[in-house]
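Pasting model_34.cif here (mmCIF, C-alpha atoms):
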data_coords
loop_
_atom_site.group_PDB
_atom_site.id
_atom_site.type_symbol
_atom_site.label_atom_id
_atom_site.label_comp_id
_atom_site.auth_asym_id
_atom_site.auth_seq_id
_atom_site.Cartn_x
_atom_site.Cartn_y
_atom_site.Cartn_z
ATOM 1 C CA MET A 1 -23.274 51.042 69.119
ATOM 2 C CA LYS A 2 -25.476 53.564 70.909
ATOM 3 C CA SER A 3 -24.931 57.141 69.879
ATOM 4 C CA LEU A 4 -24.633 60.495 71.615
ATOM 5 C CA ALA A 5 -27.637 61.648 69.587
ATOM 6 C CA GLU A 6 -29.865 59.588 71.901
ATOM 7 C CA LEU A 7 -28.774 61.802 74.757
ATOM 8 C CA GLU A 8 -30.405 64.771 73.009
ATOM 9 C CA ALA A 9 -33.731 62.945 73.087
ATOM 10 C CA ILE A 10 -33.315 62.156 76.789
ATOM 11 C CA LYS A 11 -32.527 65.792 77.500
ATOM 12 C CA LYS A 12 -35.724 66.852 75.764
ATOM 13 C CA LYS A 13 -37.761 64.357 77.780
ATOM 14 C CA VAL A 14 -36.222 65.528 81.066
ATOM 15 C CA LEU A 15 -36.961 69.151 80.221
ATOM 16 C CA ASP A 16 -40.567 68.313 79.297
ATOM 17 C CA ASN A 17 -40.944 66.611 82.657
ATOM 18 C CA VAL A 18 -39.548 69.639 84.440
ATOM 19 C CA ASN A 19 -42.046 71.858 82.653
ATOM 20 C CA LEU A 20 -44.904 69.595 83.726
ATOM 21 C CA ARG A 21 -44.101 70.269 87.342
ATOM 22 C CA THR A 22 -45.240 73.740 88.331
ATOM 23 C CA GLU A 23 -42.012 74.318 90.147
ATOM 24 C CA ARG A 24 -39.073 72.078 90.731
ATOM 25 C CA GLU A 25 -40.152 70.640 94.088
ATOM 26 C CA GLU A 26 -37.580 69.470 96.569
ATOM 27 C CA GLY A 27 -36.837 65.857 95.713
ATOM 28 C CA VAL A 28 -36.149 62.645 97.559
ATOM 29 C CA ARG A 29 -32.477 61.994 98.270
ATOM 30 C CA VAL A 30 -31.140 58.458 98.368
ATOM 31 C CA VAL A 31 -27.644 58.415 99.864
ATOM 32 C CA VAL A 32 -25.506 55.314 99.375
ATOM 33 C CA GLY A 33 -22.364 54.588 101.433
ATOM 34 C CA MET A 34 -19.492 54.312 98.955
ATOM 35 C CA ALA A 35 -16.404 53.825 101.107
ATOM 36 C CA THR A 36 -14.265 50.674 100.897
ATOM 37 C CA CYS A 37 -16.556 48.911 103.378
ATOM 38 C CA GLY A 38 -19.731 49.766 101.457
ATOM 39 C CA ILE A 39 -18.272 48.863 98.072
ATOM 40 C CA ALA A 40 -16.882 45.539 99.327
ATOM 41 C CA ALA A 41 -20.263 44.700 100.870
ATOM 42 C CA GLY A 42 -22.138 45.328 97.606
ATOM 43 C CA ALA A 43 -23.076 49.016 97.412
ATOM 44 C CA ARG A 44 -22.684 49.220 93.629
ATOM 45 C CA PRO A 45 -25.476 46.779 92.667
ATOM 46 C CA VAL A 46 -27.702 48.465 95.276
ATOM 47 C CA MET A 47 -27.037 51.844 93.673
ATOM 48 C CA THR A 48 -27.761 50.543 90.162
ATOM 49 C CA ALA A 49 -30.949 48.873 91.426
ATOM 50 C CA PHE A 50 -32.175 52.269 92.692
ATOM 51 C CA VAL A 51 -31.422 53.863 89.307
ATOM 52 C CA GLU A 52 -33.296 51.098 87.462
ATOM 53 C CA GLU A 53 -36.264 50.962 89.817
ATOM 54 C CA ALA A 54 -36.741 54.732 90.013
ATOM 55 C CA SER A 55 -36.390 55.211 86.237
ATOM 56 C CA LYS A 56 -38.809 52.348 85.585
ATOM 57 C CA ARG A 57 -41.387 54.215 87.658
ATOM 58 C CA ASN A 58 -40.472 57.559 86.112
ATOM 59 C CA LEU A 59 -39.664 59.077 89.486
ATOM 60 C CA ASN A 60 -37.926 62.177 88.249
ATOM 61 C CA ASN A 61 -37.749 63.809 91.682
ATOM 62 C CA VAL A 62 -35.248 61.235 93.029
ATOM 63 C CA VAL A 63 -31.543 61.994 93.307
ATOM 64 C CA ILE A 64 -28.970 59.368 94.248
ATOM 65 C CA GLU A 65 -25.935 60.637 96.118
ATOM 66 C CA GLN A 66 -22.964 59.032 97.778
ATOM 67 C CA THR A 67 -21.304 59.333 101.137
ATOM 68 C CA GLY A 68 -18.217 57.900 102.798
ATOM 69 C CA CYS A 69 -17.873 55.538 105.731
ATOM 70 C CA ILE A 70 -20.122 56.435 108.633
ATOM 71 C CA GLY A 71 -18.436 54.015 111.029
ATOM 72 C CA MET A 72 -20.868 51.098 110.925
ATOM 73 C CA CYS A 73 -19.005 48.955 108.408
ATOM 74 C CA ALA A 74 -20.558 45.689 109.606
ATOM 75 C CA LEU A 75 -24.007 46.955 108.576
ATOM 76 C CA GLU A 76 -23.029 47.969 105.023
ATOM 77 C CA PRO A 77 -24.353 48.433 102.398
ATOM 78 C CA ILE A 78 -26.123 51.333 104.094
ATOM 79 C CA VAL A 79 -28.639 53.568 102.340
ATOM 80 C CA GLU A 80 -30.200 56.697 103.830
ATOM 81 C CA VAL A 81 -33.457 57.997 102.406
ATOM 82 C CA TYR A 82 -34.372 61.649 102.905
ATOM 83 C CA VAL A 83 -37.953 62.560 102.096
ATOM 84 C CA PRO A 84 -38.562 66.335 102.389
ATOM 85 C CA GLY A 85 -40.263 67.196 105.674
ATOM 86 C CA LYS A 86 -39.719 63.701 107.109
ATOM 87 C CA GLU A 87 -37.060 62.251 109.340
ATOM 88 C CA LYS A 88 -34.140 60.456 107.652
ATOM 89 C CA VAL A 89 -34.546 56.668 107.394
ATOM 90 C CA THR A 90 -31.425 54.469 107.485
ATOM 91 C CA TYR A 91 -31.566 51.089 105.775
ATOM 92 C CA VAL A 92 -28.821 48.583 106.570
ATOM 93 C CA LYS A 93 -27.438 45.359 105.072
ATOM 94 C CA MET A 94 -29.011 46.369 101.796
ATOM 95 C CA SER A 95 -29.277 44.177 98.727
ATOM 96 C CA PRO A 96 -30.642 44.859 95.228
ATOM 97 C CA GLU A 97 -33.636 42.640 96.103
ATOM 98 C CA LYS A 98 -34.720 45.013 98.877
ATOM 99 C CA VAL A 99 -34.687 48.062 96.619
ATOM 100 C CA ALA A 100 -38.037 47.580 94.837
ATOM 101 C CA LYS A 101 -39.953 47.491 98.132
ATOM 102 C CA ILE A 102 -38.219 50.613 99.440
ATOM 103 C CA VAL A 103 -38.975 52.469 96.212
ATOM 104 C CA SER A 104 -42.652 51.449 96.118
ATOM 105 C CA ASP A 105 -43.507 51.576 99.830
ATOM 106 C CA HIS A 106 -41.290 54.383 101.059
ATOM 107 C CA ILE A 107 -40.424 56.692 98.164
ATOM 108 C CA VAL A 108 -43.745 56.401 96.311
ATOM 109 C CA ASN A 109 -46.182 55.779 99.172
ATOM 110 C CA GLY A 110 -44.396 57.394 102.102
ATOM 111 C CA ALA A 111 -44.292 54.337 104.382
ATOM 112 C CA PRO A 112 -40.733 53.354 105.383
ATOM 113 C CA VAL A 113 -39.979 49.608 105.264
ATOM 114 C CA SER A 114 -39.297 49.176 108.968
ATOM 115 C CA GLU A 115 -37.947 45.621 108.789
ATOM 116 C CA TYR A 116 -34.979 46.798 106.670
ATOM 117 C CA THR A 117 -34.099 49.761 108.858
ATOM 118 C CA ILE A 118 -31.285 50.095 111.355
ATOM 119 C CA GLY A 119 -33.872 50.083 114.144
ATOM 120 C CA ALA A 120 -34.802 46.476 113.283
ATOM 121 C CA GLN A 121 -31.165 45.360 113.759
ATOM 122 C CA LYS A 122 -31.137 44.150 117.328
ATOM 123 C CA MET B 123 -13.150 43.223 96.391
ATOM 124 C CA GLN B 124 -14.227 40.591 93.912
ATOM 125 C CA GLU B 125 -13.757 42.657 90.779
ATOM 126 C CA ILE B 126 -11.083 45.053 89.550
ATOM 127 C CA SER B 127 -13.867 47.512 88.651
ATOM 128 C CA LEU B 128 -14.809 47.682 92.355
ATOM 129 C CA ASN B 129 -11.204 48.506 93.209
ATOM 130 C CA ILE B 130 -11.432 51.317 90.656
ATOM 131 C CA LEU B 131 -14.682 52.589 92.220
ATOM 132 C CA ASP B 132 -12.940 52.570 95.594
ATOM 133 C CA ILE B 133 -9.714 54.235 94.447
ATOM 134 C CA VAL B 134 -11.661 57.018 92.718
ATOM 135 C CA GLN B 135 -13.286 57.803 96.083
ATOM 136 C CA ASN B 136 -9.842 59.002 97.201
ATOM 137 C CA SER B 137 -9.752 61.449 94.288
ATOM 138 C CA ILE B 138 -13.265 62.650 95.132
ATOM 139 C CA ARG B 139 -12.257 63.232 98.744
ATOM 140 C CA ALA B 140 -9.184 65.094 97.486
ATOM 141 C CA ASP B 141 -11.596 67.592 95.859
ATOM 142 C CA ALA B 142 -10.677 66.680 92.299
ATOM 143 C CA LYS B 143 -12.497 68.533 89.519
ATOM 144 C CA LEU B 144 -11.275 66.229 86.747
ATOM 145 C CA ILE B 145 -10.627 62.505 87.120
ATOM 146 C CA LYS B 146 -9.111 60.496 84.279
ATOM 147 C CA ILE B 147 -9.613 56.757 84.344
ATOM 148 C CA THR B 148 -7.716 54.695 81.802
ATOM 149 C CA ILE B 149 -8.018 50.934 81.417
ATOM 150 C CA GLU B 150 -5.778 48.944 79.110
ATOM 151 C CA GLU B 151 -6.287 45.312 78.320
ATOM 152 C CA SER B 152 -3.934 43.364 76.110
ATOM 153 C CA PRO B 153 -4.085 39.577 76.179
ATOM 154 C CA LEU B 154 -1.407 39.599 73.445
ATOM 155 C CA LYS B 155 1.068 41.500 75.637
ATOM 156 C CA ASP B 156 -0.290 39.788 78.752
ATOM 157 C CA VAL B 157 -1.015 43.140 80.358
ATOM 158 C CA PHE B 158 -4.025 44.375 82.259
ATOM 159 C CA SER B 159 -3.598 47.832 83.727
ATOM 160 C CA PHE B 160 -5.531 50.831 84.861
ATOM 161 C CA SER B 161 -4.732 54.307 86.060
ATOM 162 C CA VAL B 162 -6.624 56.963 87.985
ATOM 163 C CA GLU B 163 -5.317 60.489 87.616
ATOM 164 C CA ASP B 164 -6.816 63.463 89.425
ATOM 165 C CA ASP B 165 -6.229 67.158 89.940
ATOM 166 C CA GLY B 166 -7.064 66.947 93.645
ATOM 167 C CA CYS B 167 -5.098 68.202 96.629
ATOM 168 C CA GLY B 168 -2.312 65.597 96.327
ATOM 169 C CA MET B 169 -0.117 64.174 99.097
ATOM 170 C CA ASP B 170 3.258 65.100 100.485
ATOM 171 C CA GLU B 171 6.167 62.650 100.328
ATOM 172 C CA GLU B 172 5.684 61.544 103.899
ATOM 173 C CA MET B 173 2.043 60.514 103.290
ATOM 174 C CA LEU B 174 2.921 58.983 99.931
ATOM 175 C CA LYS B 175 5.405 56.636 101.596
ATOM 176 C CA ARG B 176 2.855 55.454 104.129
ATOM 177 C CA VAL B 177 -0.242 55.334 101.978
ATOM 178 C CA THR B 178 -0.188 51.577 101.252
ATOM 179 C CA ASP B 179 -0.073 50.861 104.974
ATOM 180 C CA PRO B 180 -3.563 49.714 106.047
ATOM 181 C CA PHE B 181 -3.144 51.551 109.341
ATOM 182 C CA VAL B 182 -2.918 54.869 107.565
ATOM 183 C CA THR B 183 -6.013 56.849 106.701
ATOM 184 C CA THR B 184 -7.163 60.434 106.599
ATOM 185 C CA ARG B 185 -10.614 59.509 107.749
ATOM 186 C CA THR B 186 -11.757 60.160 111.274
ATOM 187 C CA THR B 187 -14.543 57.583 111.646
ATOM 188 C CA ARG B 188 -12.097 54.720 112.099
ATOM 189 C CA LYS B 189 -8.399 54.053 112.198
ATOM 190 C CA VAL B 190 -7.830 51.822 109.174
ATOM 191 C CA GLY B 191 -7.790 52.640 105.479
ATOM 192 C CA LEU B 192 -7.959 49.500 103.397
ATOM 193 C CA GLY B 193 -8.591 50.711 99.850
ATOM 194 C CA ILE B 194 -5.048 51.078 98.542
ATOM 195 C CA SER B 195 -3.668 48.125 100.488
ATOM 196 C CA LEU B 196 -6.429 45.863 99.129
ATOM 197 C CA LEU B 197 -5.673 46.960 95.587
ATOM 198 C CA ARG B 198 -1.950 46.448 96.071
ATOM 199 C CA SER B 199 -2.416 42.907 97.318
ATOM 200 C CA SER B 200 -4.796 42.089 94.419
ATOM 201 C CA ALA B 201 -2.199 43.353 91.961
ATOM 202 C CA GLN B 202 0.709 41.583 93.626
ATOM 203 C CA GLN B 203 -1.208 38.314 93.738
ATOM 204 C CA ALA B 204 -1.626 38.555 89.979
ATOM 205 C CA GLY B 205 1.983 39.222 89.000
ATOM 206 C CA GLY B 206 1.679 43.013 89.155
ATOM 207 C CA ASP B 207 1.930 45.965 91.484
ATOM 208 C CA ILE B 208 0.793 49.536 91.964
ATOM 209 C CA LYS B 209 2.634 52.838 91.620
ATOM 210 C CA ILE B 210 1.554 56.173 93.014
ATOM 211 C CA GLU B 211 2.869 59.603 92.143
ATOM 212 C CA SER B 212 1.560 62.690 93.853
ATOM 213 C CA LYS B 213 2.286 66.356 94.303
ATOM 214 C CA VAL B 214 0.634 68.637 96.811
ATOM 215 C CA GLY B 215 -1.623 71.086 95.016
ATOM 216 C CA VAL B 216 -1.223 69.315 91.657
ATOM 217 C CA GLY B 217 -2.855 65.922 91.981
ATOM 218 C CA THR B 218 -2.287 62.206 92.181
ATOM 219 C CA LEU B 219 -1.678 59.455 89.644
ATOM 220 C CA LEU B 220 -2.207 55.850 90.654
ATOM 221 C CA ARG B 221 -1.342 53.025 88.298
ATOM 222 C CA ALA B 222 -2.102 49.359 88.846
ATOM 223 C CA PHE B 223 -0.959 46.564 86.604
ATOM 224 C CA PHE B 224 -1.639 42.860 86.506
ATOM 225 C CA SER B 225 -0.583 39.936 84.380
ATOM 226 C CA TYR B 226 -3.596 39.487 82.077
ATOM 227 C CA SER B 227 -3.424 35.692 82.032
ATOM 228 C CA HIS B 228 -2.583 35.194 85.719
ATOM 229 C CA ILE B 229 -4.983 32.721 87.264
ATOM 230 C CA ASP B 230 -5.396 34.933 90.330
ATOM 231 C CA ARG B 231 -6.168 38.087 88.377
ATOM 232 C CA GLN B 232 -9.687 39.131 89.255
ATOM 233 C CA PRO B 233 -12.102 39.785 86.414
ATOM 234 C CA LEU B 234 -12.701 43.413 85.476
ATOM 235 C CA GLY B 235 -16.390 43.061 86.348
ATOM 236 C CA ASP B 236 -19.129 45.562 85.622
ATOM 237 C CA ILE B 237 -17.108 48.678 84.797
ATOM 238 C CA ALA B 238 -20.088 50.263 83.006
ATOM 239 C CA ALA B 239 -22.049 50.240 86.292
ATOM 240 C CA VAL B 240 -19.030 51.658 88.122
ATOM 241 C CA MET B 241 -18.623 54.552 85.675
ATOM 242 C CA MET B 242 -22.373 55.215 85.688
ATOM 243 C CA SER B 243 -22.384 55.331 89.515
ATOM 244 C CA LEU B 244 -19.372 57.627 89.676
ATOM 245 C CA ILE B 245 -20.701 60.066 87.108
ATOM 246 C CA SER B 246 -24.277 60.239 88.355
ATOM 247 C CA MET B 247 -23.392 60.496 92.042
ATOM 248 C CA ASN B 248 -20.747 63.151 91.420
ATOM 249 C CA PRO B 249 -22.351 65.369 88.786
ATOM 250 C CA ASP B 250 -20.027 68.285 89.512
ATOM 251 C CA ILE B 251 -16.843 66.350 88.747
ATOM 252 C CA ASP B 252 -15.645 65.734 85.204
ATOM 253 C CA PHE B 253 -14.662 62.208 84.270
ATOM 254 C CA TYR B 254 -12.581 61.238 81.282
ATOM 255 C CA TYR B 255 -12.747 57.506 80.735
ATOM 256 C CA VAL B 256 -10.587 55.705 78.198
ATOM 257 C CA HIS B 257 -10.791 51.949 77.742
ATOM 258 C CA ARG B 258 -8.471 50.120 75.357
ATOM 259 C CA PHE B 259 -8.623 46.511 74.326
ATOM 260 C CA GLU B 260 -5.621 45.679 72.123
ATOM 261 C CA ASP B 261 -5.727 48.399 69.442
ATOM 262 C CA LYS B 262 -9.383 49.376 69.899
ATOM 263 C CA GLU B 263 -10.481 52.229 72.098
ATOM 264 C CA PHE B 264 -13.622 53.566 73.721
ATOM 265 C CA THR B 265 -13.762 56.995 75.371
ATOM 266 C CA LEU B 266 -16.344 58.849 77.378
ATOM 267 C CA ASP B 267 -15.859 62.480 78.309
ATOM 268 C CA THR B 268 -18.428 64.019 80.638
ATOM 269 C CA LYS B 269 -17.499 67.462 79.270
ATOM 270 C CA GLU B 270 -18.898 66.313 75.943
ATOM 271 C CA LEU B 271 -22.071 65.012 77.636
ATOM 272 C CA ARG B 272 -22.455 68.334 79.460
ATOM 273 C CA THR B 273 -22.315 70.214 76.151
ATOM 274 C CA ILE B 274 -25.241 68.132 74.887
ATOM 275 C CA LEU B 275 -27.244 68.314 78.122
ATOM 276 C CA GLY B 276 -26.805 72.030 78.609
ATOM 277 C CA GLU B 277 -27.099 73.741 81.967
ATOM 278 C CA GLU B 278 -30.633 72.707 82.843
ATOM 279 C CA VAL B 279 -30.134 68.945 82.777
ATOM 280 C CA SER B 280 -27.774 67.400 85.325
ATOM 281 C CA LEU B 281 -25.669 64.275 84.850
ATOM 282 C CA SER B 282 -27.408 63.007 87.995
ATOM 283 C CA GLU B 283 -30.811 62.726 86.250
ATOM 284 C CA LEU B 284 -31.687 59.048 86.489
ATOM 285 C CA SER B 285 -32.633 58.712 82.828
ATOM 286 C CA VAL B 286 -29.262 60.204 81.915
ATOM 287 C CA ALA B 287 -27.512 57.823 84.314
ATOM 288 C CA GLN B 288 -29.247 54.856 82.782
ATOM 289 C CA TRP B 289 -28.288 55.949 79.287
ATOM 290 C CA ILE B 290 -24.635 56.389 80.360
ATOM 291 C CA GLY B 291 -24.533 52.794 81.639
ATOM 292 C CA GLU B 292 -26.015 51.466 78.401
ATOM 293 C CA TYR B 293 -23.785 53.665 76.240
ATOM 294 C CA ILE B 294 -20.644 52.358 77.948
ATOM 295 C CA SER B 295 -21.796 48.726 77.767
ATOM 296 C CA SER B 296 -22.449 48.997 74.060
ATOM 297 C CA GLY B 297 -19.124 50.772 73.479
ATOM 298 C CA LEU B 298 -17.262 48.040 75.323
ATOM 299 C CA THR B 299 -19.035 45.282 73.401
ATOM 300 C CA GLU B 300 -17.696 46.985 70.295
ATOM 301 C CA ILE B 301 -14.044 47.157 71.401
ATOM 302 C CA TYR B 302 -14.156 43.580 72.664
ATOM 303 C CA GLY B 303 -15.105 42.649 69.108
ATOM 304 C CA GLY B 304 -18.577 41.364 69.942
ATOM 305 C CA ALA B 305 -21.728 42.020 67.984
ATOM 306 C CA GLU B 306 -24.648 43.842 69.499
#

Written as structure tokens, how would this file's structure read?
Amino acid sequence: MKSLAELEAIKKKVLDNVNLRTEREEGVRVVVGMATCGIAAGARPVMTAFVEEASKRNLNNVVIEQTGCIGMCALEPIVEVYVPGKEKVTYVKMSPEKVAKIVSDHIVNGAPVSEYTIGAQK
Amino acid sequence: MQEISLNILDIVQNSIRADAKLIKITIEESPLKDVFSFSVEDDGCGMDEEMLKRVTDPFVTTRTTRKVGLGISLLRSSAQQAGGDIKIESKVGVGTLLRAFFSYSHIDRQPLGDIAAVMMSLISMNPDIDFYYVHRFEDKEFTLDTKELRTILGEEVSLSELSVAQWIGEYISSGLTEIYGGAE
């Protein structure tokens, strides 16, 4: 059984990381559609894949948020990525397999993965 | 929905939209009594009697992006297919309690699925809401109270930190392994 004491250690690590950054810069927001349509289409494993991938790379400026149905149920799971100072990028028909590329290309290197975006859905 | 845990994730969205500050999720599994049940209780805005009567109708929703609301009707049909049903109580300004029960051994009862991932998602994506999660299997019980986690984390560290989220998922998985009687 894991214990609550481990959480203390995680807290310490997070705080050390915060101190390393001169100021808490505005982070990247990953917004996952979590309405009935998104959940039924597989939003949960997409969300957990983002948590795993971003923690693996120690990206402590990433926040994952949720939103409701935005009216494009057929394209769910939908994920919006907001990088400060850049335009929002909407990824559609997401799967956990697509997450690693979005994290490495877009979130880390600043180049959106155009083939997964809503613009590529024609 | 292929898993009961996904129905739970979906039902809790209603509580979130109702501006709940505290959401209690209780899951009870008893193969001996042939019962599988869960409840979601919130302190959100609640519903009036008129809405309560119509809420299982798929053509009723409070959303404005489309005209159907499938969450509760999907859950009701899953429960009814597996020898159970759902019950909803609600009071405006007080909150809502939804209970779903299933026959544990019914061949059409969906598996619970990855409830640890569901709880982790809910907590980390809604860091300002408190969750109280109780999971019983026969006479064994696992609980997770985000108020307790907040006390440890203090004000500077949010429940939405990814390393915290990951730990929450692992903590729940290991707690459930324990109540299911498995070894780690």

Which of B:Asp252, B:Glu263, B:Glu283, B:Glu163 sits closest to Gly303 (chain B) [using all atoms listed in the file]:
B:Glu263

When the cut-off is 6 Å and we count all atoms listed in the file, which residues of chain B are near chain A, given as a ChimeraX atom specification?
/B:123,132,187,193,247,275,284,293,296

Could you take the residues named above and write them with C-alpha atoms, as a PDB file, in the frame of the given file?
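Output (again-v9.pdb):
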ATOM      1  CA  MET B 123     -13.150  43.223  96.391  1.00  0.00           C
ATOM      2  CA  ASP B 132     -12.940  52.570  95.594  1.00  0.00           C
ATOM      3  CA  THR B 187     -14.543  57.583 111.646  1.00  0.00           C
ATOM      4  CA  GLY B 193      -8.591  50.711  99.850  1.00  0.00           C
ATOM      5  CA  MET B 247     -23.392  60.496  92.042  1.00  0.00           C
ATOM      6  CA  LEU B 275     -27.244  68.314  78.122  1.00  0.00           C
ATOM      7  CA  LEU B 284     -31.687  59.048  86.489  1.00  0.00           C
ATOM      8  CA  TYR B 293     -23.785  53.665  76.240  1.00  0.00           C
ATOM      9  CA  SER B 296     -22.449  48.997  74.060  1.00  0.00           C
TER      10      SER B 296
END

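Here CA of Ser161 (chain B) stands at a distance of 19.6 Å from CA of Arg176 (chain B).
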
One-decimal distance in Å that lies between CA of Phe264 (chain B) and CA of Ser227 (chain B)
22.2 Å

May I have the residues within 12 Å of Asp267 (chain B) as a list in words, using only C-alpha atoms and disregarding those fewer than 5 positions away in the same chain?
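Everything that qualifies: Leu4 of chain A; Leu144, Ile145, Lys146, Ile147, Thr148, Met241, Ile245, Ile251, Asp252, Phe253, Tyr254, Tyr255, Val256, His257, Arg272, Thr273, Ile274, Leu281, Ile290 and Ile294 of chain B.
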
Residue with smallest distance to Arg29 (chain A) - pool B:Lys143, B:Ser282, B:Leu266, B:Gly166, counting all atoms listed in the file:
B:Ser282

Tell me which residues come within 10 Å of (-40.1, 47.2, 100.5), as a ChimeraX atom specification, counting all atoms listed in the file in the file's coordinates.
/A:97-107,111-116

In Å, how far is it from CA of Ser280 (chain B) to CA of Thr265 (chain B)?
20.1 Å

Just say which residues the PyMOL selection byres ((chain A and resi 82-85) around 7) picks in this file, as a CSV table (one decimal) with C-alpha atoms, in the frame of the given file.
chain,number,residue,atom,x,y,z
A,26,GLU,CA,-37.6,69.5,96.6
A,27,GLY,CA,-36.8,65.9,95.7
A,28,VAL,CA,-36.1,62.6,97.6
A,29,ARG,CA,-32.5,62.0,98.3
A,30,VAL,CA,-31.1,58.5,98.4
A,80,GLU,CA,-30.2,56.7,103.8
A,81,VAL,CA,-33.5,58.0,102.4
A,86,LYS,CA,-39.7,63.7,107.1
A,87,GLU,CA,-37.1,62.3,109.3
A,88,LYS,CA,-34.1,60.5,107.7
A,89,VAL,CA,-34.5,56.7,107.4

Written as JSON, numbers by chain, what is the full residue list that the PyMOL selection byres ((chain A and resi 94) around 8) yields on the file shown?
{"A": [43, 46, 76, 77, 78, 79, 91, 92, 93, 95, 96, 98, 99, 116]}
